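A.B. asks: Below is one structure. I have some questions about it.
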Protein chains: 2
Amino acid sequence: MADVYPQPSDSSEAATSESGQAPGGITAPGVTTGAIRGSRKVHHRTESGLPVPARRVELSNGEHLDVYDTSGPYTDENAEIDVHRGLHPLRSGWTDGREHRTQLEWARDGVVTREMEFIAAREGLSAELVRSEVAAGRAVIPANRRHPETEPMTIGKNFLVKVNANIGNSAVSSSIEEEVEKMVWASRWGADTIMDLSTGSRIHETREAILRNSPVPIGTVPIYQAMEKVGGDPANLTWESYRDTVIEQCEQGVDYMTVHAGVLLRYVPLTAQRVTGIVSRGGSIMAAWCLAHHEESFLYTHFSELCEILRSYDVTFSLGDGLRPGSIADANDRAQFAELETLGELTHIAREHGVQVMIEGPGHVPMDKIEENVRREEELCGEAPFYTLGPLATDVAPAYDHITSAIGAANIGRAGTAMLCYVTPKEHLGLPNRDDVKTGVITYKIAAHSSDLAKGHPRAQERDDALSRARFEFRWNDQFNLALDPETAQVYHDETLPAEPAKTAHFCSMCGPKFCSMKITQDVRDYADKHGLNSVEAIEAGMREKAEEFTAAGGKVYLPMAE
Amino acid sequence: MADVYPQPSDSSEAATSESGQAPGGITAPGVTTGAIRGSRKVHHRTESGLPVPARRVELSNGEHLDVYDTSGPYTDENAEIDVHRGLHPLRSGWTDGREHRTQLEWARDGVVTREMEFIAAREGLSAELVRSEVAAGRAVIPANRRHPETEPMTIGKNFLVKVNANIGNSAVSSSIEEEVEKMVWASRWGADTIMDLSTGSRIHETREAILRNSPVPIGTVPIYQAMEKVGGDPANLTWESYRDTVIEQCEQGVDYMTVHAGVLLRYVPLTAQRVTGIVSRGGSIMAAWCLAHHEESFLYTHFSELCEILRSYDVTFSLGDGLRPGSIADANDRAQFAELETLGELTHIAREHGVQVMIEGPGHVPMDKIEENVRREEELCGEAPFYTLGPLATDVAPAYDHITSAIGAANIGRAGTAMLCYVTPKEHLGLPNRDDVKTGVITYKIAAHSSDLAKGHPRAQERDDALSRARFEFRWNDQFNLALDPETAQVYHDETLPAEPAKTAHFCSMCGPKFCSMKITQDVRDYADKHGLNSVEAIEAGMREKAEEFTAAGGKVYLPMAE
């Protein structure tokens, strides 16, 4: 796809080089490149000729399945990667002539933008559906005009449920190099957006390196950098210092920003009786500011000015839930829902300014209280896309919170949440490493896909059916390649049956050759197909004949099928 | 608790010995013993003096939490373990005078058995509730009179959701020694029952060693051993050979048995059009037998005789779902529900014979089709306890099927399923090793506990609240010790902050000391508590004063709290 990813003039600085000057003037090593096992990058053309990426899994029976692909050029064997220069600006030129309007405004005017066209092809849905959902505010397209490297995507309940992966260094550990690779690594395994939550040093340089190399939208929480600028003391924060930080990040190309504008002075005491109080960093910072000055939050009082800034870049609001519950005991309490009411008020103000909005949600919620969160959010926030952190369905399993939260995430996704923020095994305990990031992303792809199946997304079940057919027909390599994590699937299989012939064996290690339940099913199926039997009525006559054939054949049904 | 676990006369054969003659004449190594990190075994006494085990987690603030304990004497520092002799027969003598009646029959007559008394104390509920639920058939007590080593437990939707772990060797791998340790290991981490699914050689000896050393009920699928006796050819199975195998296993002490008596001749062709046909081993064996003989299943035609055998030992039926769906595509289809109707018919026959019954369920089911499974089962099977395998909510993640199925399990548990059969990361790929067994059990404890919270079990939230308070108060060791897996929680924490002082640090590696959201919450709480503020109205006056205090104090809220 040379037209999509032109060759660099100097290919000696390929991504595989050990180090060099990357955007932001940092030293970056090579990042993970190459196709995912058993698949290759393909591009579908839209009517107007836009190349839309997909990952094609080639099957041993001659068929193939194209799956939604978030990995960007890094998995394209034809693309040259150069982290020092950054990705080719795919969308450069797309916004010509519409610099001063947002996707929301164009959608309201009935215009299908190139981003909408691209997204429609990517989701396998109509461009008109994308436009109408964006116009209604039920879907957003996080795409800062100053981040042309992104492959457009949408977040909305009538599209595939999306997954966000958090990365970012902190005062305690991690480097810029690690964060760039974490971004590439997370999108390789399926992250639809990335949030850079860096709070340590060199926040600007880290973000620059991530933005210039990211094929997915990037979100941030500007107040973290604003805090660094005022020496870490929330009392010293001012609207002006915050505003300047937001502008700085808009200029860099951040696609959506978390703004905790719903933490009002009068809500702070509502958290006093909680088991875990305020667990949101941004929420606690604003609560501290309100207490220190006994004034209403400057994020709330200056919200309209903030709208004008975000509108001029088409940056999407992610209105943060600073008072989200941090434990099962605090779920759905007065503080949480009081803030949600204010987020609803702000949603309508932002929309009046033509700014796209999504709403952040909990946190920790038992299964029986999950649906109420979605219903209230849709009612109060005009169905703005809901973007939740899990939620964890129980507090009792630190080290397994990717699982406790996947249970909550699958349920809230089914109820209508549009994007799920992943949780890694290190949640509550430490910072995720490379393996934790992969585990978190795969776990959340499972939750999101389970939601898509339950919601009946028209194309969701294709992959389940393809993999199950491969399993039934003992096409082991196809089963691995269709899996969300082909490599781990094969490793686990080979632990018990490493021999290559086992890859085509018509049995597996769980039952062994004599007990294979799939084999008898094949006998039943072959017989029924042969006689066109698909009803109880039709079977009776033929059944006796079958019994005779069967006994005549020695009644051996557990011998491995002839190759 | 010397009265519960008397010292062996010869302590030289302790469980720590490398090997020796174990029950069944097999060589067994030592098994895992010793208390779980941060806790110790305690026994509560019932009114009549029965000692009921619990695991006490001692907290650094002087409090403690007693949690349900499935691990048996192996975690009791005062118990001597000797796998060669087996566990002390806790229930010996309990059944004197009621040899010829089942728990169901006693419950119907209004009698509270010692097992019911023990279970009531263990669940923290009334003995009358246990009796009435058993009498109604909504709960079962799997307790073969010939398996006195078990600590009584119940399976029913109005009690804690239980977890079963499958072990057992196959033609391909594993040894008796490994299986005994897997049983001890699985119950250590929370398995409420164990199924021995051995299909390889020495099935009898493996089962004997497991039974004599198991503190939890043991389930089996007798047809697997019956198949071994007829050389692995289902066509050679006969009612007599099957019956003799069932009697052999009842005599050994098996507590519940999976019987695929619902796979009728006329249902077999209903599987022909499926994506994955018949995926149950027992189901495929019986389907093969029906095809070979063109006769109705002998399990169905001889079901009343089977009831009489199980009744005489008080063995519980687990009516197997031989036609369960093996893929999302086959969920809730005609074959599955046709079999369920027959299981309902058999449930009522078994109850007429005074035999306890539970019903096995799927399998692979998308979230939107889960609840229908429970509703139909309750309607057709008179609310007999439902016992499901997962179900997996999607087929696309082999190597992560403990997670795909935990999503389904938590949902079906919430809907009323009484016991969840675990799935390990090796499902569909290979046989679980020791680590896989632990991962599977912990994952299913998460699903079961999430269900208990959603169902509002009176004591379920105690542990969540205790752990969340420890988290909020930075009592790191308490947080680890209250976790389902204390060891892994600490290992993950120490990867980022290994220093011992960090165990009491009032911040963590995610935010670092300056950004700690918990700290500001403590300020808010201290202030509100001091002024008895718990309403928006009450806060306004005092808020200004607080703002002044706060600013006077320098407004520093992010300094680590003084130790």
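Each chain of the structure tokens is named A, B, ... in the order shown, its residues numbered from 1; ligands are numbered from 1 in display order.
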Quick one: residues within 10 Å of Ser187 (chain B), only C-alpha atoms, excluding same-chain residues fewer than 3 positions away - as a ChimeraX atom specification?

C.D. replies: /B:69-72,74,163-165,181-184,190-194,214-216,438,441

A.B. asks: Suppose we keep C-alpha atoms; can you now write the selection as an mmCIF file, in the first residue's frame?

C.D. replies:
data_model
loop_
_atom_site.group_PDB
_atom_site.id
_atom_site.type_symbol
_atom_site.label_atom_id
_atom_site.label_comp_id
_atom_site.auth_asym_id
_atom_site.auth_seq_id
_atom_site.Cartn_x
_atom_site.Cartn_y
_atom_site.Cartn_z
ATOM 1 C CA ASP B 69 -13.144 -22.692 54.312
ATOM 2 C CA THR B 70 -13.086 -25.636 51.888
ATOM 3 C CA SER B 71 -9.479 -26.652 52.467
ATOM 4 C CA GLY B 72 -10.075 -29.294 55.128
ATOM 5 C CA TYR B 74 -4.612 -29.684 55.222
ATOM 6 C CA VAL B 163 -17.457 -24.055 42.607
ATOM 7 C CA ASN B 164 -16.462 -27.464 41.266
ATOM 8 C CA ALA B 165 -12.980 -28.301 40.003
ATOM 9 C CA GLU B 181 -2.300 -33.309 45.002
ATOM 10 C CA LYS B 182 -4.571 -31.551 42.486
ATOM 11 C CA MET B 183 -7.555 -32.400 44.726
ATOM 12 C CA VAL B 184 -5.821 -31.007 47.833
ATOM 13 C CA GLY B 190 -11.703 -22.800 47.298
ATOM 14 C CA ALA B 191 -13.112 -25.728 45.286
ATOM 15 C CA ASP B 192 -16.343 -26.836 47.030
ATOM 16 C CA THR B 193 -16.492 -30.169 45.222
ATOM 17 C CA ILE B 194 -14.131 -32.130 42.982
ATOM 18 C CA SER B 214 -10.835 -35.517 50.200
ATOM 19 C CA PRO B 215 -12.563 -33.090 52.622
ATOM 20 C CA VAL B 216 -15.011 -32.112 49.873
ATOM 21 C CA LYS B 438 -5.310 -22.634 40.874
ATOM 22 C CA VAL B 441 -10.459 -22.087 40.968
#

A.B. asks: For CA of Glu149 (chain A) and CA of Pro73 (chain A), quote the distance in Å rounded to one decimal.

C.D. replies: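 Pair CA of Glu149 (chain A) / CA of Pro73 (chain A) returns 10.3 Å.
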
A.B. asks: Would you mind reading off the distance between CA of Arg311 (chain B) and CA of Ile285 (chain B), one decimal, in Å?

C.D. replies: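 Pair CA of Arg311 (chain B) / CA of Ile285 (chain B) returns 25.2 Å.
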
A.B. asks: Per DSSP on the backbone, filter region 79-266 of chain B down to the residues in alpha helix (DSSP H) and report them as a PyMOL selection string.

C.D. replies: chain B and resi 103-108+114-123+127-136+176-188+203-213+222-229+239-252

A.B. asks: CA of Gln273 (chain A) and CA of Cys421 (chain A), how far apart in Å?

C.D. replies: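 Pair CA of Cys421 (chain A) / CA of Gln273 (chain A) returns 27.2 Å.
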
A.B. asks: Write out as a list in words all residues of region 338-505 of chain A that DSSP puts in strand (DSSP E or B) for this structure's backbone.

C.D. replies: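 Matching residues, listed in order: Val357, Met358, Ile359, Glu360, Gly361, His364, Phe386, Tyr387, Thr388, Leu389, Leu392, Met419, Leu420 and Cys421 of chain A.
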
A.B. asks: Just all heavy atoms for this one: save the residues we selected as a CSV table (one decimal), in the first residue's frame.

C.D. replies:
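Writing done, so here's out.csv:
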chain,number,residue,atom,x,y,z
A,357,VAL,N,-19.0,14.8,23.0
A,357,VAL,CA,-18.9,14.5,24.4
A,357,VAL,C,-19.1,13.0,24.6
A,357,VAL,O,-20.0,12.4,24.1
A,357,VAL,CB,-20.0,15.2,25.2
A,357,VAL,CG1,-19.9,14.9,26.7
A,357,VAL,CG2,-20.0,16.7,24.9
A,358,MET,N,-18.3,12.4,25.5
A,358,MET,CA,-18.6,11.1,26.1
A,358,MET,C,-18.5,11.3,27.6
A,358,MET,O,-17.9,12.2,28.1
A,358,MET,CB,-17.7,10.0,25.5
A,358,MET,CG,-16.3,10.1,25.6
A,358,MET,SD,-15.5,8.7,24.8
A,358,MET,CE,-13.7,9.2,24.9
A,359,ILE,N,-19.1,10.3,28.3
A,359,ILE,CA,-19.2,10.4,29.8
A,359,ILE,C,-18.5,9.2,30.4
A,359,ILE,O,-18.7,8.0,30.0
A,359,ILE,CB,-20.7,10.3,30.2
A,359,ILE,CG1,-21.5,11.4,29.5
A,359,ILE,CG2,-20.8,10.4,31.7
A,359,ILE,CD1,-21.1,12.8,29.9
A,360,GLU,N,-17.6,9.5,31.4
A,360,GLU,CA,-16.9,8.4,32.1
A,360,GLU,C,-17.7,7.8,33.3
A,360,GLU,O,-18.5,8.6,33.9
A,360,GLU,CB,-15.6,8.9,32.6
A,360,GLU,CG,-14.7,9.3,31.4
A,360,GLU,CD,-13.3,9.7,31.8
A,360,GLU,OE1,-12.9,9.5,33.0
A,360,GLU,OE2,-12.5,10.2,31.0
A,361,GLY,N,-17.6,6.5,33.5
A,361,GLY,CA,-18.4,5.9,34.5
A,361,GLY,C,-17.5,4.9,35.4
A,361,GLY,O,-16.3,4.8,35.1
A,364,HIS,N,-16.3,0.5,40.6
A,364,HIS,CA,-16.6,-0.7,41.4
A,364,HIS,C,-18.1,-0.8,41.6
A,364,HIS,O,-18.7,0.1,42.2
A,364,HIS,CB,-16.0,-0.7,42.8
A,364,HIS,CG,-14.5,-0.8,42.8
A,364,HIS,ND1,-13.8,-1.8,43.5
A,364,HIS,CD2,-13.5,0.1,42.3
A,364,HIS,CE1,-12.5,-1.6,43.3
A,364,HIS,NE2,-12.3,-0.5,42.6
A,386,PHE,N,-21.1,6.2,26.7
A,386,PHE,CA,-20.7,5.9,28.1
A,386,PHE,C,-19.3,5.2,28.0
A,386,PHE,O,-19.2,4.3,27.1
A,386,PHE,CB,-21.7,5.1,28.8
A,386,PHE,CG,-21.7,5.2,30.3
A,386,PHE,CD1,-21.2,6.3,31.0
A,386,PHE,CD2,-22.3,4.1,31.0
A,386,PHE,CE1,-21.3,6.3,32.4
A,386,PHE,CE2,-22.4,4.2,32.4
A,386,PHE,CZ,-21.9,5.3,33.1
A,387,TYR,N,-18.4,5.6,28.9
A,387,TYR,CA,-17.0,5.1,28.8
A,387,TYR,C,-16.7,4.7,30.2
A,387,TYR,O,-16.4,5.6,31.1
A,387,TYR,CB,-16.1,6.2,28.2
A,387,TYR,CG,-14.6,6.0,28.4
A,387,TYR,CD1,-14.0,4.8,28.4
A,387,TYR,CD2,-13.8,7.2,28.5
A,387,TYR,CE1,-12.6,4.7,28.5
A,387,TYR,CE2,-12.4,7.1,28.6
A,387,TYR,CZ,-11.9,5.8,28.6
A,387,TYR,OH,-10.5,5.7,28.7
A,388,THR,N,-16.7,3.4,30.5
A,388,THR,CA,-16.5,3.0,31.9
A,388,THR,C,-15.2,2.3,32.2
A,388,THR,O,-14.6,1.7,31.4
A,388,THR,CB,-17.7,2.0,32.3
A,388,THR,OG1,-17.6,0.9,31.5
A,388,THR,CG2,-19.0,2.7,32.2
A,389,LEU,N,-14.8,2.4,33.5
A,389,LEU,CA,-13.6,1.7,34.0
A,389,LEU,C,-14.0,0.4,34.6
A,389,LEU,O,-14.4,0.4,35.8
A,389,LEU,CB,-12.9,2.6,35.0
A,389,LEU,CG,-11.7,2.1,35.7
A,389,LEU,CD1,-10.6,1.7,34.7
A,389,LEU,CD2,-11.1,3.1,36.7
A,392,LEU,N,-15.4,-3.2,38.3
A,392,LEU,CA,-15.1,-4.4,39.1
A,392,LEU,C,-16.4,-4.9,39.8
A,392,LEU,O,-17.1,-4.1,40.4
A,392,LEU,CB,-14.1,-4.1,40.2
A,392,LEU,CG,-12.6,-4.0,39.7
A,392,LEU,CD1,-12.4,-2.8,38.9
A,392,LEU,CD2,-11.7,-4.0,41.0
A,419,MET,N,-17.6,2.3,25.3
A,419,MET,CA,-16.1,1.9,25.4
A,419,MET,C,-15.8,1.5,26.8
A,419,MET,O,-16.3,2.1,27.8
A,419,MET,CB,-15.2,3.1,25.0
A,419,MET,CG,-13.7,2.8,25.0
A,419,MET,SD,-12.8,3.9,23.9
A,419,MET,CE,-12.7,5.4,24.9
A,420,LEU,N,-14.9,0.5,26.9
A,420,LEU,CA,-14.5,-0.1,28.2
A,420,LEU,C,-13.0,0.3,28.4
A,420,LEU,O,-12.2,0.0,27.6
A,420,LEU,CB,-14.7,-1.6,28.2
A,420,LEU,CG,-16.1,-2.1,27.8
A,420,LEU,CD1,-16.1,-3.6,27.5
A,420,LEU,CD2,-17.1,-1.7,28.8
A,421,CYS,N,-12.7,0.9,29.6
A,421,CYS,CA,-11.3,1.2,29.9
A,421,CYS,C,-10.8,-0.1,30.6
A,421,CYS,O,-11.3,-0.5,31.6
A,421,CYS,CB,-11.2,2.4,30.8
A,421,CYS,SG,-9.5,2.8,31.2

A.B. asks: Cys381 (chain A): which residues within 9 Å, counting only C-alpha atoms, same-chain residues fewer than 4 positions away excluded, as an MDAnalysis selection string?

C.D. replies: chainID A and resid 340:341 343:348 358:359 376:377 385

A.B. asks: Between B:Leu270, B:Val263, B:Ile155, B:Met286, single out the one closest to chain A, counting only C-alpha atoms.

C.D. replies: B:Leu270

A.B. asks: What's around Tyr224 (chain A) at 12 Å? Count only C-alpha atoms, leave out sequence neighbours fewer than 6 positions away in its own chain, and write the answer as a compact mmCIF listing (two decimals) with N, CA, C and O atoms, in the first residue's frame.

C.D. replies:
# COMPACT_ATOMS: atom_id res chain seq x y z
N GLY A 168 1.40 5.32 30.47
CA GLY A 168 1.91 6.56 31.06
C GLY A 168 2.83 6.29 32.22
O GLY A 168 2.62 5.36 32.99
N ASN A 169 3.87 7.12 32.32
CA ASN A 169 4.82 6.93 33.42
C ASN A 169 4.30 7.66 34.65
O ASN A 169 3.38 8.45 34.60
N SER A 170 4.88 7.34 35.81
CA SER A 170 4.50 8.02 37.04
C SER A 170 5.76 8.43 37.76
O SER A 170 6.87 8.17 37.30
N ALA A 171 5.57 9.08 38.90
CA ALA A 171 6.73 9.53 39.67
C ALA A 171 7.60 8.34 40.07
O ALA A 171 8.79 8.48 40.31
N ASP A 196 -2.83 8.48 27.69
CA ASP A 196 -1.51 8.73 28.26
C ASP A 196 -1.72 9.43 29.60
O ASP A 196 -2.08 10.60 29.64
N LEU A 197 -1.52 8.69 30.68
CA LEU A 197 -1.79 9.21 32.02
C LEU A 197 -0.50 9.60 32.75
O LEU A 197 -0.44 9.58 33.98
N SER A 198 0.52 9.95 31.98
CA SER A 198 1.80 10.28 32.60
C SER A 198 1.65 11.38 33.66
O SER A 198 0.94 12.36 33.46
N THR A 199 2.32 11.17 34.78
CA THR A 199 2.30 12.18 35.84
C THR A 199 3.72 12.54 36.28
O THR A 199 3.90 13.39 37.14
N GLY A 200 4.67 11.89 35.69
CA GLY A 200 6.05 12.13 36.13
C GLY A 200 6.70 13.25 35.36
O GLY A 200 6.04 14.23 34.98
N SER A 201 7.98 13.10 35.07
CA SER A 201 8.72 14.16 34.38
C SER A 201 8.55 13.97 32.86
O SER A 201 8.10 12.94 32.39
N ILE A 203 6.44 15.02 30.65
CA ILE A 203 5.10 14.69 30.18
C ILE A 203 4.90 15.11 28.73
O ILE A 203 4.39 14.36 27.91
N HIS A 204 5.36 16.32 28.40
CA HIS A 204 5.17 16.84 27.04
C HIS A 204 5.90 15.97 26.01
O HIS A 204 5.31 15.59 24.99
N VAL A 230 2.34 23.51 38.68
CA VAL A 230 2.20 24.32 39.90
C VAL A 230 2.84 23.60 41.10
O VAL A 230 2.45 23.83 42.25
N GLY A 231 3.78 22.73 40.79
CA GLY A 231 4.54 22.10 41.87
C GLY A 231 3.77 21.06 42.68
O GLY A 231 4.14 20.74 43.80
N GLY A 232 2.68 20.54 42.09
CA GLY A 232 1.98 19.46 42.77
C GLY A 232 1.03 19.89 43.87
O GLY A 232 0.47 19.06 44.58
N ASP A 233 0.82 21.19 43.99
CA ASP A 233 -0.10 21.66 45.02
C ASP A 233 -1.40 22.14 44.38
O ASP A 233 -1.43 23.17 43.69
N PRO A 234 -2.51 21.38 44.57
CA PRO A 234 -3.77 21.71 43.91
C PRO A 234 -4.27 23.12 44.26
O PRO A 234 -4.92 23.78 43.45
N LEU A 237 -3.48 25.70 41.68
CA LEU A 237 -4.05 25.62 40.34
C LEU A 237 -4.89 26.86 40.06
O LEU A 237 -5.56 27.39 40.94
N SER A 241 -3.76 28.60 34.27
CA SER A 241 -2.71 27.59 34.10
C SER A 241 -3.30 26.32 33.48
O SER A 241 -2.67 25.67 32.63
N TYR A 242 -4.53 26.00 33.88
CA TYR A 242 -5.19 24.82 33.33
C TYR A 242 -5.49 25.04 31.85
O TYR A 242 -5.18 24.21 31.00
N THR A 245 -2.57 24.67 29.61
CA THR A 245 -2.19 23.26 29.45
C THR A 245 -3.09 22.58 28.43
O THR A 245 -2.63 21.82 27.57
N VAL A 246 -4.38 22.87 28.49
CA VAL A 246 -5.33 22.28 27.54
C VAL A 246 -4.98 22.71 26.11
O VAL A 246 -4.93 21.89 25.19
N GLN A 249 -1.98 20.87 24.82
CA GLN A 249 -2.27 19.49 24.44
C GLN A 249 -3.13 19.42 23.18
O GLN A 249 -2.96 18.51 22.35
N MET A 257 -10.11 14.51 25.91
CA MET A 257 -9.58 14.91 27.20
C MET A 257 -10.58 14.65 28.32
O MET A 257 -11.76 15.00 28.20
N THR A 258 -10.07 14.05 29.40
CA THR A 258 -10.90 13.84 30.58
C THR A 258 -10.91 15.13 31.41
O THR A 258 -9.85 15.66 31.75
N VAL A 259 -12.13 15.64 31.65
CA VAL A 259 -12.29 16.89 32.41
C VAL A 259 -13.26 16.59 33.57
O VAL A 259 -14.41 16.22 33.34
N HIS A 260 -12.76 16.74 34.80
CA HIS A 260 -13.58 16.43 35.98
C HIS A 260 -14.38 17.65 36.42
O HIS A 260 -14.27 18.10 37.56
N SER A 280 -10.66 8.90 42.48
CA SER A 280 -10.21 9.47 41.21
C SER A 280 -9.14 10.52 41.50
O SER A 280 -9.35 11.40 42.34
N ARG A 281 -8.02 10.44 40.78
CA ARG A 281 -6.96 11.44 40.98
C ARG A 281 -7.48 12.83 40.66
O ARG A 281 -7.39 13.75 41.47
N GLY A 282 -8.06 12.97 39.46
CA GLY A 282 -8.57 14.28 39.06
C GLY A 282 -9.66 14.76 40.00
O GLY A 282 -9.73 15.95 40.34
N GLY A 283 -10.51 13.84 40.44
CA GLY A 283 -11.57 14.20 41.35
C GLY A 283 -11.02 14.71 42.67
O GLY A 283 -11.50 15.70 43.23
N SER A 284 -9.99 14.05 43.17
CA SER A 284 -9.43 14.46 44.46
C SER A 284 -8.71 15.80 44.34
O SER A 284 -8.75 16.63 45.25
N ILE A 285 -8.07 16.02 43.19
CA ILE A 285 -7.38 17.30 42.97
C ILE A 285 -8.40 18.45 42.99
O ILE A 285 -8.22 19.45 43.67
N MET A 286 -9.50 18.26 42.28
CA MET A 286 -10.51 19.34 42.24
C MET A 286 -11.20 19.50 43.59
O MET A 286 -11.54 20.62 43.99
N CYS B 511 0.06 6.25 41.65
CA CYS B 511 0.03 7.72 41.64
C CYS B 511 1.28 8.33 42.26
O CYS B 511 1.61 9.47 41.96
N LYS B 514 2.67 12.30 45.71
CA LYS B 514 2.07 13.62 45.53
C LYS B 514 0.64 13.61 45.04
O LYS B 514 -0.12 14.54 45.28
N PHE B 515 0.26 12.53 44.34
CA PHE B 515 -1.07 12.50 43.71
C PHE B 515 -2.08 11.62 44.43
O PHE B 515 -3.10 11.28 43.88

A.B. asks: Excluding Val111 (chain A) and any residue of its chain fewer than 2 positions from it, enumerate the residues within 12 Å of it, using only C-alpha atoms, and give them as a ChimeraX atom specification.

C.D. replies: /A:98,101-109,113-117,127-132,134-135

A.B. asks: Please write the residues from the selection above to a file, keeping N, CA and C atoms, as a short mmCIF file (atom, residue, chain, number, x, y, z; two decimals), in the first residue's frame.

C.D. replies:
data_model
loop_
_atom_site.label_atom_id
_atom_site.label_comp_id
_atom_site.auth_asym_id
_atom_site.auth_seq_id
_atom_site.Cartn_x
_atom_site.Cartn_y
_atom_site.Cartn_z
N ARG A 98 -12.74 22.34 6.03
CA ARG A 98 -13.67 22.25 7.17
C ARG A 98 -12.92 22.43 8.49
N ARG A 101 -15.03 23.50 11.75
CA ARG A 101 -16.24 22.82 12.21
C ARG A 101 -15.87 21.45 12.74
N THR A 102 -16.71 20.92 13.60
CA THR A 102 -16.44 19.61 14.21
C THR A 102 -17.24 18.52 13.49
N GLN A 103 -16.86 17.28 13.74
CA GLN A 103 -17.60 16.14 13.16
C GLN A 103 -19.07 16.24 13.54
N LEU A 104 -19.34 16.67 14.75
CA LEU A 104 -20.72 16.81 15.20
C LEU A 104 -21.48 17.82 14.35
N GLU A 105 -20.83 18.95 14.07
CA GLU A 105 -21.50 19.99 13.29
C GLU A 105 -21.73 19.55 11.84
N TRP A 106 -20.74 18.89 11.25
CA TRP A 106 -20.92 18.40 9.88
C TRP A 106 -22.03 17.36 9.83
N ALA A 107 -22.03 16.48 10.82
CA ALA A 107 -23.06 15.43 10.85
C ALA A 107 -24.45 16.04 10.95
N ARG A 108 -24.56 17.07 11.79
CA ARG A 108 -25.87 17.73 11.93
C ARG A 108 -26.32 18.34 10.61
N ASP A 109 -25.34 18.78 9.82
CA ASP A 109 -25.69 19.38 8.53
C ASP A 109 -25.88 18.34 7.42
N THR A 113 -18.46 12.95 6.44
CA THR A 113 -17.04 13.27 6.30
C THR A 113 -16.26 12.02 5.88
N ARG A 114 -15.00 12.22 5.48
CA ARG A 114 -14.17 11.06 5.12
C ARG A 114 -14.00 10.14 6.32
N GLU A 115 -13.91 10.76 7.52
CA GLU A 115 -13.78 9.92 8.72
C GLU A 115 -14.99 9.01 8.86
N MET A 116 -16.17 9.55 8.62
CA MET A 116 -17.40 8.74 8.73
C MET A 116 -17.41 7.64 7.69
N GLU A 117 -16.97 7.97 6.47
CA GLU A 117 -16.92 6.99 5.38
C GLU A 117 -15.96 5.84 5.75
N ALA A 127 -22.59 4.45 6.03
CA ALA A 127 -22.05 5.76 6.38
C ALA A 127 -23.16 6.65 6.96
N GLU A 128 -24.37 6.44 6.48
CA GLU A 128 -25.49 7.24 6.97
C GLU A 128 -25.77 6.93 8.44
N LEU A 129 -25.58 5.67 8.84
CA LEU A 129 -25.77 5.32 10.25
C LEU A 129 -24.72 6.04 11.10
N VAL A 130 -23.49 6.04 10.60
CA VAL A 130 -22.42 6.73 11.34
C VAL A 130 -22.78 8.21 11.48
N ARG A 131 -23.14 8.83 10.39
CA ARG A 131 -23.47 10.26 10.42
C ARG A 131 -24.62 10.55 11.37
N SER A 132 -25.68 9.76 11.27
CA SER A 132 -26.87 10.06 12.09
C SER A 132 -26.59 9.83 13.58
N VAL A 134 -23.63 10.19 15.04
CA VAL A 134 -22.78 11.29 15.48
C VAL A 134 -23.63 12.56 15.63
N ALA A 135 -24.54 12.78 14.68
CA ALA A 135 -25.40 13.98 14.73
C ALA A 135 -26.26 13.97 15.99
#

A.B. asks: If we count only C-alpha atoms, what is near Gln479 (chain B) at a cut-off of 12 Å, once residues fewer than 3 positions away on the same chain are taken out, given as a PyMOL selection string?

C.D. replies: (chain A and resi 395-399+428-429) or (chain B and resi 37-38+57-61+463-476+482-490+493+503-504)
